[in-house]
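Engineer: Compact mmCIF, C-alpha atoms, saved as input19.txt, coming up:
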```txt
# COMPACT_ATOMS: atom_id res chain seq x y z
CA MET X 20 0.00 0.00 0.00
CA SER X 21 3.00 2.33 0.19
CA GLU X 22 3.24 2.73 -3.59
CA LYS X 23 0.98 5.51 -4.87
CA ALA X 24 -0.88 5.55 -8.16
CA SER X 25 -1.23 8.58 -10.42
CA PHE X 26 -4.52 10.35 -11.09
CA ARG X 27 -4.45 9.04 -14.68
CA GLU X 28 -3.89 5.43 -13.62
CA VAL X 29 -6.72 5.42 -11.06
CA PHE X 30 -9.03 7.23 -13.49
CA ALA X 31 -8.38 4.73 -16.30
CA ILE X 32 -9.06 1.70 -14.10
CA PHE X 33 -12.26 3.09 -12.60
CA LEU X 34 -13.49 4.35 -15.98
CA ARG X 35 -13.39 0.80 -17.29
CA LEU X 36 -15.31 -0.33 -14.21
CA GLY X 37 -17.80 2.51 -14.66
CA LEU X 38 -18.46 1.35 -18.23
CA THR X 39 -18.80 -2.35 -17.44
CA SER X 40 -20.04 -2.72 -13.82
CA PHE X 41 -23.61 -3.83 -14.35
CA GLY X 42 -25.73 -5.36 -11.62
CA GLY X 43 -26.03 -2.82 -8.83
CA PRO X 44 -24.17 -2.25 -5.53
CA ALA X 45 -23.69 -5.88 -4.52
CA ALA X 46 -22.18 -6.70 -7.91
CA HIS X 47 -19.91 -3.65 -7.73
CA ILE X 48 -18.37 -4.95 -4.50
CA GLY X 49 -17.54 -8.16 -6.36
CA TYR X 50 -16.03 -6.29 -9.31
CA PHE X 51 -13.85 -4.22 -6.97
CA HIS X 52 -12.69 -7.33 -5.13
CA ASP X 53 -11.71 -9.03 -8.36
CA GLU X 54 -9.90 -5.94 -9.67
CA PHE X 55 -8.11 -4.63 -6.60
CA VAL X 56 -7.63 -7.68 -4.36
CA ARG X 57 -7.19 -10.59 -6.77
CA ARG X 58 -5.73 -8.98 -9.89
CA ARG X 59 -3.82 -5.89 -8.80
CA ARG X 60 -3.28 -6.74 -5.12
CA TRP X 61 -3.75 -3.15 -4.05
CA LEU X 62 -5.42 -4.40 -0.85
CA SER X 63 -5.33 -7.61 1.16
CA GLU X 64 -8.50 -9.62 1.76
CA SER X 65 -8.79 -8.35 5.32
CA ALA X 66 -8.13 -4.72 4.36
CA TYR X 67 -10.74 -4.85 1.61
CA GLY X 68 -13.23 -6.47 4.00
CA GLU X 69 -12.74 -3.65 6.46
CA VAL X 70 -13.19 -0.95 3.79
CA VAL X 71 -16.45 -2.58 2.68
CA ALA X 72 -17.63 -2.92 6.30
CA LEU X 73 -16.97 0.76 6.97
CA CYS X 74 -18.86 1.85 3.85
CA GLN X 75 -21.79 -0.43 4.66
CA LEU X 76 -22.12 1.22 8.07
CA LEU X 77 -22.03 4.79 6.74
CA PRO X 78 -25.00 6.49 5.07
CA GLY X 79 -24.60 6.90 1.33
CA PRO X 80 -23.92 4.76 -1.76
CA ALA X 81 -21.84 1.93 -0.31
CA SER X 82 -20.27 0.74 -3.57
CA SER X 83 -19.29 4.25 -4.67
CA GLN X 84 -17.88 4.94 -1.21
CA THR X 85 -15.88 1.71 -1.42
CA GLY X 86 -14.39 2.83 -4.74
CA LEU X 87 -13.69 6.27 -3.31
CA ALA X 88 -11.89 4.74 -0.31
CA ILE X 89 -9.80 2.51 -2.58
CA GLY X 90 -8.83 5.53 -4.68
CA PHE X 91 -7.92 7.41 -1.49
CA LEU X 92 -5.79 4.56 -0.19
CA ARG X 93 -3.91 4.32 -3.47
CA GLY X 94 -3.67 7.96 -4.54
CA HIS X 95 -4.83 10.04 -1.54
CA TYR X 96 -7.36 12.81 -2.31
CA ARG X 97 -6.43 12.98 -6.00
CA GLY X 98 -6.91 9.24 -6.27
CA ALA X 99 -10.31 9.49 -4.55
CA LEU X 100 -11.41 12.19 -6.99
CA ALA X 101 -10.25 10.13 -9.97
CA ALA X 102 -12.06 7.03 -8.71
CA TRP X 103 -15.35 8.84 -8.12
CA LEU X 104 -15.32 10.76 -11.40
CA ALA X 105 -14.47 7.78 -13.58
CA PHE X 106 -16.89 5.37 -11.92
CA THR X 107 -19.82 7.80 -11.89
CA LEU X 108 -19.62 9.79 -15.13
CA PRO X 109 -20.67 7.10 -17.66
CA SER X 110 -23.99 6.28 -15.99
CA ALA X 111 -24.63 9.92 -15.01
CA MET X 112 -24.24 11.06 -18.62
CA VAL X 113 -26.66 8.39 -19.86
CA MET X 114 -29.24 9.32 -17.23
CA ALA X 115 -28.92 13.05 -17.95
CA LEU X 116 -29.32 12.47 -21.71
CA PHE X 117 -32.42 10.38 -21.03
CA ALA X 118 -33.85 13.23 -18.95
CA PHE X 119 -33.16 15.75 -21.73
CA GLY X 120 -34.86 13.43 -24.22
CA LEU X 121 -38.01 13.28 -22.09
CA THR X 122 -37.94 17.05 -21.70
CA LEU X 123 -37.81 17.56 -25.46
CA TRP X 124 -40.39 14.85 -26.14
CA PRO X 125 -42.83 14.78 -23.17
CA ASP X 126 -45.25 12.37 -24.87
CA ALA X 127 -42.55 9.67 -24.83
CA ALA X 128 -43.22 9.14 -21.11
CA GLU X 129 -46.78 8.05 -21.83
CA GLY X 130 -46.06 4.98 -23.97
CA GLY X 131 -46.37 1.31 -23.10
CA TRP X 132 -42.60 1.08 -22.71
CA VAL X 133 -42.87 3.24 -19.60
CA THR X 134 -45.48 0.87 -18.19
CA GLY X 135 -43.09 -2.01 -18.81
CA LEU X 136 -40.28 -0.20 -16.99
CA LYS X 137 -42.55 0.68 -14.06
CA LEU X 138 -43.59 -2.96 -13.66
CA PHE X 139 -39.95 -4.03 -13.89
CA VAL X 140 -39.12 -1.62 -11.05
CA VAL X 141 -41.73 -3.37 -8.87
CA ALA X 142 -39.84 -6.64 -9.38
CA VAL X 143 -36.46 -4.98 -8.77
CA VAL X 144 -37.50 -3.31 -5.52
CA GLY X 145 -39.29 -6.47 -4.36
CA HIS X 146 -36.14 -8.47 -4.98
CA ALA X 147 -34.05 -5.85 -3.14
CA VAL X 148 -36.38 -6.03 -0.12
CA TRP X 149 -36.07 -9.82 -0.07
CA GLN X 150 -32.27 -9.80 -0.34
CA MET X 151 -31.77 -7.01 2.20
CA GLY X 152 -34.26 -8.64 4.55
CA ARG X 153 -32.30 -11.87 4.54
CA ASN X 154 -29.01 -10.09 5.18
CA LEU X 155 -30.06 -7.33 7.57
CA CYS X 156 -32.99 -9.00 9.40
CA PRO X 157 -31.84 -12.55 10.15
CA ASP X 158 -33.71 -12.81 13.49
CA ALA X 159 -37.15 -12.04 14.90
CA LEU X 160 -36.00 -8.89 16.68
CA ARG X 161 -34.74 -7.19 13.54
CA GLN X 162 -37.70 -8.45 11.51
CA GLY X 163 -39.95 -6.79 14.09
CA LEU X 164 -38.03 -3.51 13.78
CA ALA X 165 -38.38 -3.60 9.99
CA LEU X 166 -42.12 -4.25 10.27
CA MET X 167 -42.49 -1.42 12.80
CA VAL X 168 -40.81 1.06 10.47
CA ALA X 169 -42.92 -0.09 7.50
CA VAL X 170 -46.17 0.33 9.45
CA ILE X 171 -45.19 3.81 10.71
CA LEU X 172 -44.36 5.01 7.20
CA LEU X 173 -47.42 3.50 5.56
CA LEU X 174 -49.61 5.28 8.11
CA ALA X 175 -47.73 8.60 8.08
CA GLY X 176 -45.12 8.82 5.38
CA SER X 177 -43.00 11.98 5.08
CA ALA X 178 -39.31 12.83 4.94
CA LEU X 179 -39.23 13.76 8.64
CA MET X 180 -41.21 10.64 9.58
CA GLN X 181 -38.71 8.51 7.65
CA LEU X 182 -35.89 10.03 9.66
CA PHE X 183 -37.82 9.61 12.91
CA ALA X 184 -38.55 5.94 12.15
CA LEU X 185 -34.88 5.16 11.46
CA VAL X 186 -33.77 6.97 14.63
CA LEU X 187 -36.38 4.96 16.56
CA ALA X 188 -35.06 1.71 15.05
CA GLY X 189 -31.49 2.68 15.98
CA LEU X 190 -32.55 3.52 19.54
CA ALA X 191 -34.35 0.17 19.81
CA GLY X 192 -31.25 -1.62 18.54
CA PHE X 193 -29.12 0.20 21.13
CA ILE X 194 -31.46 -0.61 24.04
CA MET X 195 -32.15 -4.23 23.06
CA ARG X 196 -28.56 -4.89 22.00
CA VAL X 197 -29.24 -6.15 18.52
CA PRO X 198 -26.37 -8.52 17.56
CA PRO X 199 -24.04 -6.38 15.41
CA GLY X 200 -22.16 -9.20 13.71
CA LYS X 201 -18.43 -9.70 13.49
CA GLY X 202 -15.98 -7.02 12.35
CA ALA X 203 -13.10 -7.47 9.93
CA GLU X 204 -9.41 -7.46 10.67
CA SER X 205 -7.71 -4.18 11.51
CA LEU X 206 -6.90 -1.75 8.72
CA SER X 207 -4.27 0.98 8.71
CA LEU X 208 -5.68 4.06 6.97
CA PRO X 209 -3.85 7.24 5.94
CA VAL X 210 -5.71 9.77 8.03
CA GLN X 211 -3.91 13.08 8.52
CA GLY X 212 -4.20 15.86 11.09
CA ARG X 213 -7.59 17.38 11.82
CA ARG X 214 -9.07 16.94 8.37
CA PRO X 215 -11.49 14.16 9.40
CA MET X 216 -13.07 16.49 11.97
CA ALA X 217 -13.38 19.24 9.34
CA PHE X 218 -15.15 16.82 6.99
CA ALA X 219 -17.53 15.76 9.79
CA VAL X 220 -18.37 19.38 10.67
CA ALA X 221 -18.97 20.22 6.99
CA PHE X 222 -21.28 17.21 6.65
CA ALA X 223 -23.31 18.23 9.71
CA LEU X 224 -23.60 21.91 8.77
CA LEU X 225 -24.69 21.15 5.22
CA LEU X 226 -27.26 18.64 6.52
CA LEU X 227 -28.71 21.29 8.85
CA ALA X 228 -28.78 23.79 5.98
CA SER X 229 -30.67 21.30 3.79
CA PHE X 230 -33.66 21.57 6.14
CA LEU X 231 -33.96 25.35 5.71
CA PRO X 232 -37.02 26.49 3.69
CA ALA X 233 -36.49 26.85 -0.07
CA GLU X 234 -38.79 27.54 -2.99
CA ALA X 235 -39.90 24.24 -4.55
CA GLY X 236 -38.27 23.70 -7.93
CA SER X 237 -35.42 26.17 -7.35
CA MET X 238 -31.77 25.18 -7.58
CA ARG X 239 -31.37 25.66 -3.84
CA TRP X 240 -34.33 23.34 -3.25
CA LEU X 241 -32.85 20.77 -5.65
CA ALA X 242 -29.47 20.82 -3.90
CA ALA X 243 -31.11 20.50 -0.48
CA GLU X 244 -33.31 17.56 -1.51
CA MET X 245 -30.39 15.72 -3.05
CA TYR X 246 -27.98 16.38 -0.21
CA ARG X 247 -30.53 15.30 2.38
CA SER X 248 -31.26 12.11 0.45
CA GLY X 249 -27.58 11.26 0.10
CA ALA X 250 -26.94 12.00 3.77
CA LEU X 251 -29.75 9.90 5.22
CA VAL X 252 -29.64 6.79 3.03
CA PHE X 253 -28.53 3.62 4.80
CA GLY X 254 -28.29 0.48 2.69
CA GLY X 255 -27.14 1.64 -0.73
CA GLY X 256 -28.68 2.57 -4.05
CA HIS X 257 -32.16 1.10 -3.81
CA VAL X 258 -32.87 2.83 -0.50
CA VAL X 259 -32.46 6.28 -2.04
CA LEU X 260 -35.74 5.62 -3.87
CA PRO X 261 -38.10 6.46 -0.95
CA TRP X 262 -36.19 9.64 -0.07
CA LEU X 263 -36.20 10.94 -3.62
CA GLN X 264 -39.81 9.88 -4.15
CA GLU X 265 -40.87 11.92 -1.14
CA GLY X 266 -38.94 14.94 -2.37
CA PHE X 267 -39.84 14.89 -6.06
CA VAL X 268 -43.06 12.90 -6.59
CA ALA X 269 -45.00 13.58 -3.39
CA SER X 270 -44.20 17.28 -3.76
CA GLY X 271 -45.50 17.30 -7.34
CA GLN X 272 -42.21 18.30 -8.98
CA VAL X 273 -41.86 15.12 -11.07
CA PRO X 274 -44.75 12.89 -12.25
CA ALA X 275 -44.74 9.37 -10.80
CA ASP X 276 -44.61 7.80 -14.27
CA THR X 277 -41.53 9.82 -15.23
CA PHE X 278 -39.88 9.09 -11.89
CA LEU X 279 -40.32 5.33 -12.17
CA ALA X 280 -39.35 5.28 -15.85
CA GLY X 281 -36.07 6.98 -14.98
CA TYR X 282 -35.45 4.57 -12.12
CA GLY X 283 -36.10 1.67 -14.48
CA VAL X 284 -33.52 2.98 -16.95
CA ALA X 285 -31.04 3.40 -14.07
CA GLN X 286 -31.20 -0.38 -13.57
CA ALA X 287 -29.99 -0.95 -17.13
CA VAL X 288 -26.83 1.17 -17.05
CA PRO X 289 -23.52 0.31 -15.37
CA GLY X 290 -22.17 2.22 -12.41
CA PRO X 291 -23.88 3.54 -9.27
CA LEU X 292 -27.67 3.72 -8.90
CA PHE X 293 -27.21 7.18 -7.39
CA SER X 294 -26.70 8.41 -10.97
CA PHE X 295 -30.51 8.43 -11.02
CA SER X 296 -30.04 11.85 -9.43
CA ALA X 297 -28.71 13.20 -12.74
CA PHE X 298 -32.01 12.17 -14.34
CA LEU X 299 -34.12 13.97 -11.74
CA GLY X 300 -31.88 17.03 -11.86
CA GLY X 301 -32.04 17.06 -15.66
CA VAL X 302 -35.85 16.85 -15.65
CA SER X 303 -36.07 19.60 -13.04
CA GLY X 304 -33.36 22.01 -14.19
CA GLY X 305 -31.66 20.98 -17.44
CA VAL X 306 -27.87 20.66 -17.60
CA PRO X 307 -27.20 22.81 -14.48
CA GLY X 308 -29.79 20.81 -12.58
CA ALA X 309 -28.25 17.48 -13.60
CA VAL X 310 -24.76 18.57 -12.53
CA LEU X 311 -25.95 20.09 -9.27
CA ALA X 312 -28.10 17.07 -8.36
CA LEU X 313 -25.26 14.65 -9.06
CA LEU X 314 -22.76 16.57 -6.93
CA ALA X 315 -25.23 17.19 -4.10
CA VAL X 316 -26.37 13.59 -3.72
CA PHE X 317 -22.83 12.19 -3.64
CA LEU X 318 -21.25 14.94 -1.49
CA PRO X 319 -22.43 13.67 1.92
CA GLY X 320 -21.16 10.17 1.20
CA VAL X 321 -17.77 11.58 0.21
CA LEU X 322 -17.53 13.69 3.37
CA LEU X 323 -18.54 10.73 5.52
CA VAL X 324 -15.88 8.45 4.06
CA PHE X 325 -13.12 10.93 4.87
CA ALA X 326 -14.62 11.67 8.29
CA GLY X 327 -15.47 8.05 9.03
CA LEU X 328 -12.11 6.42 8.53
CA PRO X 329 -10.89 7.16 12.08
CA LEU X 330 -14.41 6.65 13.45
CA TRP X 331 -14.27 3.07 12.19
CA GLN X 332 -11.62 2.19 14.75
CA TRP X 333 -13.95 3.41 17.50
CA LEU X 334 -16.98 1.56 16.14
CA ARG X 335 -15.07 -1.72 16.05
CA ARG X 336 -14.46 -1.43 19.81
CA HIS X 337 -17.99 -0.37 20.89
CA GLU X 338 -20.56 -3.09 20.50
CA ARG X 339 -23.50 -0.93 21.62
CA ALA X 340 -22.81 1.58 18.83
CA ARG X 341 -22.71 -1.20 16.29
CA SER X 342 -25.95 -2.58 17.77
CA ALA X 343 -27.62 0.77 17.14
CA LEU X 344 -26.42 0.68 13.53
CA ALA X 345 -27.75 -2.86 13.18
CA GLY X 346 -31.13 -1.53 14.32
CA VAL X 347 -30.94 1.26 11.73
CA ASN X 348 -30.13 -1.26 9.01
CA ALA X 349 -33.18 -3.31 10.00
CA GLY X 350 -35.25 -0.13 9.80
CA VAL X 351 -33.94 0.46 6.29
CA VAL X 352 -35.58 -2.80 5.19
CA GLY X 353 -38.89 -1.52 6.56
CA LEU X 354 -38.37 1.80 4.78
CA LEU X 355 -37.88 0.03 1.45
CA LEU X 356 -40.81 -2.30 2.16
CA ALA X 357 -43.13 0.67 2.63
CA THR X 358 -41.87 2.19 -0.62
CA LEU X 359 -42.45 -1.09 -2.44
CA TYR X 360 -46.15 -0.65 -1.73
CA ASP X 361 -46.43 3.12 -2.15
CA PRO X 362 -45.57 4.48 -4.68
CA VAL X 363 -43.92 1.60 -6.57
CA TRP X 364 -46.78 -0.95 -6.46
CA THR X 365 -49.71 1.46 -6.32
CA SER X 366 -48.58 3.49 -9.34
CA ALA X 367 -47.61 0.51 -11.52
CA VAL X 368 -49.81 -2.53 -10.86
CA ASN X 369 -53.45 -1.88 -11.71
CA SER X 370 -54.50 -4.96 -13.71
CA PRO X 371 -54.08 -8.76 -13.76
CA ALA X 372 -51.76 -8.36 -16.76
CA GLY X 373 -49.57 -6.01 -14.74
CA LEU X 374 -49.38 -8.49 -11.86
CA ALA X 375 -48.44 -11.27 -14.28
CA PHE X 376 -45.73 -9.04 -15.76
CA VAL X 377 -44.28 -8.34 -12.30
CA LEU X 378 -44.23 -12.02 -11.35
CA ALA X 379 -42.51 -12.95 -14.60
CA ALA X 380 -39.94 -10.17 -14.16
CA TRP X 381 -39.28 -11.21 -10.57
CA TRP X 382 -38.77 -14.84 -11.63
CA ALA X 383 -36.36 -13.79 -14.38
CA LEU X 384 -34.42 -11.63 -11.91
CA ALA X 385 -34.42 -13.76 -8.75
CA VAL X 386 -34.64 -17.34 -10.04
CA ALA X 387 -33.28 -17.32 -13.60
CA ARG X 388 -30.82 -14.58 -12.54
CA LEU X 389 -30.88 -12.78 -15.83
CA PRO X 390 -28.86 -9.53 -15.69
CA VAL X 391 -30.76 -6.29 -15.13
CA TRP X 392 -29.13 -4.66 -18.14
CA VAL X 393 -30.95 -7.26 -20.25
CA LEU X 394 -34.23 -7.26 -18.32
CA ALA X 395 -34.72 -3.47 -18.19
CA PRO X 396 -34.71 -2.81 -21.96
CA GLY X 397 -36.52 -6.13 -22.49
CA SER X 398 -39.28 -5.01 -20.11
CA ALA X 399 -39.57 -1.69 -21.93
CA ALA X 400 -39.84 -3.43 -25.30
CA LEU X 401 -42.39 -5.95 -24.04
CA GLY X 402 -44.40 -3.19 -22.39
CA ALA X 403 -44.55 -1.29 -25.69
CA LEU X 404 -46.06 -4.40 -27.31
CA VAL X 405 -48.48 -5.41 -24.56
CA PHE X 406 -49.73 -2.17 -22.98
```
Now, as a test, write the supplied structure out as structure tokens.
Structural biologist:
Amino acid sequence: MSEKASFREVFAIFLRLGLTSFGGPAAHIGYFHDEFVRRRRWLSESAYGEVVALCQLLPGPASSQTGLAIGFLRGHYRGALAAWLAFTLPSAMVMALFAFGLTLWPDAAEGGWVTGLKLFVVAVVGHAVWQMGRNLCPDALRQGLALMVAVILLLAGSALMQLFALVLAGLAGFIMRVPPGKGAESLSLPVQGRRPMAFAVAFALLLLASFLPAEAGSMRWLAAEMYRSGALVFGGGHVVLPWLQEGFVASGQVPADTFLAGYGVAQAVPGPLFSFSAFLGGVSGGVPGAVLALLAVFLPGVLLVFAGLPLWQWLRRHERARSALAGVNAGVVGLLLATLYDPVWTSAVNSPAGLAFVLAAWWALAVARLPVWVLAPGSAALGALVF
């Protein structure tokens, strides 16, 4: 780990990954392991395991944060910038171009292909709930926490209620000592001076600022919605869906059909699911909106990685803190479960044919294990023929 890589070297490696890493956050972790542990030996197995564990505990896009941390370890802050840019830009550009296409041709969002994508999203989110439930809720206690959060949000869903429900789940995990699981081996990280504290303060101040009133649809409002979503998302790409839905669909800024169509397309492109933000920003504010949304949604995760590296050593030694985070992770499953029903299911499934489509898509995804980059365009094409 002593040898440093240049900006160009890190950028080239992550650009290839950004162009070829289909399959979502879990698959990205596998791609990174193959590239940086097995092939290049930039990290040992234990060091990579600890980086992944840290990023899973922090709010934000876990796979992007893992790539950012690897870039930081290999090339310091320049390496982190190269890793994030290269891994994110390909999918962000595709999503922004899709948004501009819908803006120029609004009627395109009313075709049967959009219906097919919306039904595909039902299967994708349902599969994500199942997978996350198995991993994050392996016992009755955590299953109960997930159910509690889902019930609270179905009865009174709002951005503040989502935050309250996750805090409640974390508090329950702390009090009831939810088993946190085993940590990885120790990892030596290049943390310097007081910079981690500065990153933590910047994260907190920007989060507080994101709750200040702003005119709906303005650039300040867009930045606040995106930053808040990126800062409060535990569990990776799929979990950003309820936060963004509350900010953009429930507020009336983006139609539900357009929102779900964009999310469906995001499943078909490589790279991070958080690039969906470029689509919403593009629909809301053109090129400036796409750029601002992309930067704002990723910024909190970046700040937390740099602030969280020394915090990780503390978390590994304090089981009660890790129990609270285990409770939050269980609550995340409930958050996604509530979103699966409203708006994903309620806005997409309204006929027996739609239900049959969802079941077939779920089987193809979960049982046949067809890749999402095949299923997403296939669902759009089939929807154009059937609906």
Engineer: For a cutoff of 10 Å around the file-coordinate point (-39.6, -5.8, 11.6), which residues qualify once you count only C-alpha atoms? I'd like the result as number ranges by chain.
Structural biologist: X: 152, 156, 158-170, 188, 346, 349-353
Engineer: Using all atoms listed in the file, which of X:Leu62, X:Phe325, X:Ile48, X:Leu226 sits nearest His95 (chain X)?
Structural biologist: X:Phe325
Engineer: Enter the distance from CA of Trp124 (chain X) to CA of Gly37 (chain X), in Å, rounded to one decimal.
Structural biologist: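 Computed distance, CA of Trp124 (chain X) to CA of Gly37 (chain X), equals 28.2 Å.
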Engineer: Return the single residue from X:Asn369, X:Ser25, X:Ser296, X:Ser342 that is closest to Val197 (chain X), with distances computed using all atoms listed in the file.
Structural biologist: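 Selected residue with least distance to Val197 (chain X): X:Ser342.
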Engineer: Which residue out of X:Ala105, X:Leu138, X:Leu318, X:Ala191 has the minimum interatomic distance to Ser248 (chain X) when all atoms listed in the file are used?
Structural biologist: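 Closest to Ser248 (chain X), using all atoms listed in the file: X:Leu318.
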Engineer: Grab the CA of Ala380 (chain X) to CA of Trp262 (chain X) distance for me, in Å with one decimal place.
Structural biologist: 24.6 Å
Engineer: One decimal, in Å: what's the spacing between CA of Arg97 (chain X) and CA of Leu328 (chain X)?
Structural biologist: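 For CA of Arg97 (chain X) relative to CA of Leu328 (chain X), the distance reads 16.9 Å.
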Engineer: Counting all atoms listed in the file, I want the residues whose atoms come within 8 Å of (-14.9, 5.9, -2.1) in the file frame, returned as a PyMOL selection string.
Structural biologist: chain X and resi 82-91+99+102-103+321+324
Engineer: Convert the current residue selection to file output with C-alpha atoms, as a PDB file, keeping the file's coordinate frame.
Structural biologist:
```
ATOM      1  CA  SER X  82     -20.270   0.740  -3.570  1.00  0.00           C
ATOM      2  CA  SER X  83     -19.290   4.250  -4.670  1.00  0.00           C
ATOM      3  CA  GLN X  84     -17.880   4.940  -1.210  1.00  0.00           C
ATOM      4  CA  THR X  85     -15.880   1.710  -1.420  1.00  0.00           C
ATOM      5  CA  GLY X  86     -14.390   2.830  -4.740  1.00  0.00           C
ATOM      6  CA  LEU X  87     -13.690   6.270  -3.310  1.00  0.00           C
ATOM      7  CA  ALA X  88     -11.890   4.740  -0.310  1.00  0.00           C
ATOM      8  CA  ILE X  89      -9.800   2.510  -2.580  1.00  0.00           C
ATOM      9  CA  GLY X  90      -8.830   5.530  -4.680  1.00  0.00           C
ATOM     10  CA  PHE X  91      -7.920   7.410  -1.490  1.00  0.00           C
ATOM     11  CA  ALA X  99     -10.310   9.490  -4.550  1.00  0.00           C
ATOM     12  CA  ALA X 102     -12.060   7.030  -8.710  1.00  0.00           C
ATOM     13  CA  TRP X 103     -15.350   8.840  -8.120  1.00  0.00           C
ATOM     14  CA  VAL X 321     -17.770  11.580   0.210  1.00  0.00           C
ATOM     15  CA  VAL X 324     -15.880   8.450   4.060  1.00  0.00           C
TER      16      VAL X 324
END
```
Engineer: Please output region 256-262 of chain X, rebuilt to include all heavy atoms, as an mmCIF file, keeping the file's coordinate frame.
Structural biologist:
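For reference, result14.cif as written:
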```
data_model
loop_
_atom_site.group_PDB
_atom_site.id
_atom_site.type_symbol
_atom_site.label_atom_id
_atom_site.label_comp_id
_atom_site.auth_asym_id
_atom_site.auth_seq_id
_atom_site.Cartn_x
_atom_site.Cartn_y
_atom_site.Cartn_z
ATOM 1 N N GLY X 256 -27.959 1.900 -2.974
ATOM 2 C CA GLY X 256 -28.680 2.570 -4.050
ATOM 3 C C GLY X 256 -30.186 2.464 -4.015
ATOM 4 O O GLY X 256 -30.885 3.457 -4.221
ATOM 5 N N HIS X 257 -30.712 1.258 -3.759
ATOM 6 C CA HIS X 257 -32.160 1.100 -3.810
ATOM 7 C C HIS X 257 -32.870 1.934 -2.740
ATOM 8 O O HIS X 257 -34.011 2.367 -2.937
ATOM 9 C CB HIS X 257 -32.548 -0.371 -3.653
ATOM 10 C CG HIS X 257 -32.207 -1.208 -4.846
ATOM 11 N ND1 HIS X 257 -32.795 -1.014 -6.076
ATOM 12 C CD2 HIS X 257 -31.334 -2.233 -5.004
ATOM 13 C CE1 HIS X 257 -32.304 -1.896 -6.943
ATOM 14 N NE2 HIS X 257 -31.412 -2.636 -6.319
ATOM 15 N N VAL X 258 -32.212 2.145 -1.614
ATOM 16 C CA VAL X 258 -32.870 2.830 -0.500
ATOM 17 C C VAL X 258 -32.992 4.329 -0.740
ATOM 18 O O VAL X 258 -33.754 5.008 -0.053
ATOM 19 C CB VAL X 258 -32.118 2.525 0.817
ATOM 20 C CG1 VAL X 258 -32.857 3.088 2.017
ATOM 21 C CG2 VAL X 258 -31.953 1.029 0.996
ATOM 22 N N VAL X 259 -32.279 4.861 -1.730
ATOM 23 C CA VAL X 259 -32.460 6.280 -2.040
ATOM 24 C C VAL X 259 -33.822 6.532 -2.678
ATOM 25 O O VAL X 259 -34.317 7.664 -2.672
ATOM 26 C CB VAL X 259 -31.328 6.777 -2.979
ATOM 27 C CG1 VAL X 259 -31.577 6.363 -4.422
ATOM 28 C CG2 VAL X 259 -31.160 8.288 -2.885
ATOM 29 N N LEU X 260 -34.447 5.484 -3.192
ATOM 30 C CA LEU X 260 -35.740 5.620 -3.870
ATOM 31 C C LEU X 260 -36.809 6.288 -3.004
ATOM 32 O O LEU X 260 -37.448 7.249 -3.438
ATOM 33 C CB LEU X 260 -36.211 4.251 -4.371
ATOM 34 C CG LEU X 260 -37.507 4.215 -5.171
ATOM 35 C CD1 LEU X 260 -37.342 4.956 -6.490
ATOM 36 C CD2 LEU X 260 -37.938 2.775 -5.431
ATOM 37 N N PRO X 261 -37.055 5.806 -1.756
ATOM 38 C CA PRO X 261 -38.100 6.460 -0.950
ATOM 39 C C PRO X 261 -37.796 7.917 -0.627
ATOM 40 O O PRO X 261 -38.714 8.747 -0.579
ATOM 41 C CB PRO X 261 -38.180 5.604 0.313
ATOM 42 C CG PRO X 261 -36.934 4.806 0.344
ATOM 43 C CD PRO X 261 -36.534 4.607 -1.074
ATOM 44 N N TRP X 262 -36.525 8.250 -0.395
ATOM 45 C CA TRP X 262 -36.190 9.640 -0.070
ATOM 46 C C TRP X 262 -36.431 10.552 -1.263
ATOM 47 O O TRP X 262 -37.011 11.640 -1.128
ATOM 48 C CB TRP X 262 -34.728 9.734 0.367
ATOM 49 C CG TRP X 262 -34.416 8.965 1.607
ATOM 50 C CD1 TRP X 262 -33.868 7.722 1.679
ATOM 51 C CD2 TRP X 262 -34.660 9.362 2.966
ATOM 52 N NE1 TRP X 262 -33.745 7.333 2.994
ATOM 53 C CE2 TRP X 262 -34.214 8.319 3.803
ATOM 54 C CE3 TRP X 262 -35.193 10.513 3.555
ATOM 55 C CZ2 TRP X 262 -34.295 8.377 5.180
ATOM 56 C CZ3 TRP X 262 -35.268 10.587 4.938
ATOM 57 C CH2 TRP X 262 -34.828 9.534 5.730
#
```
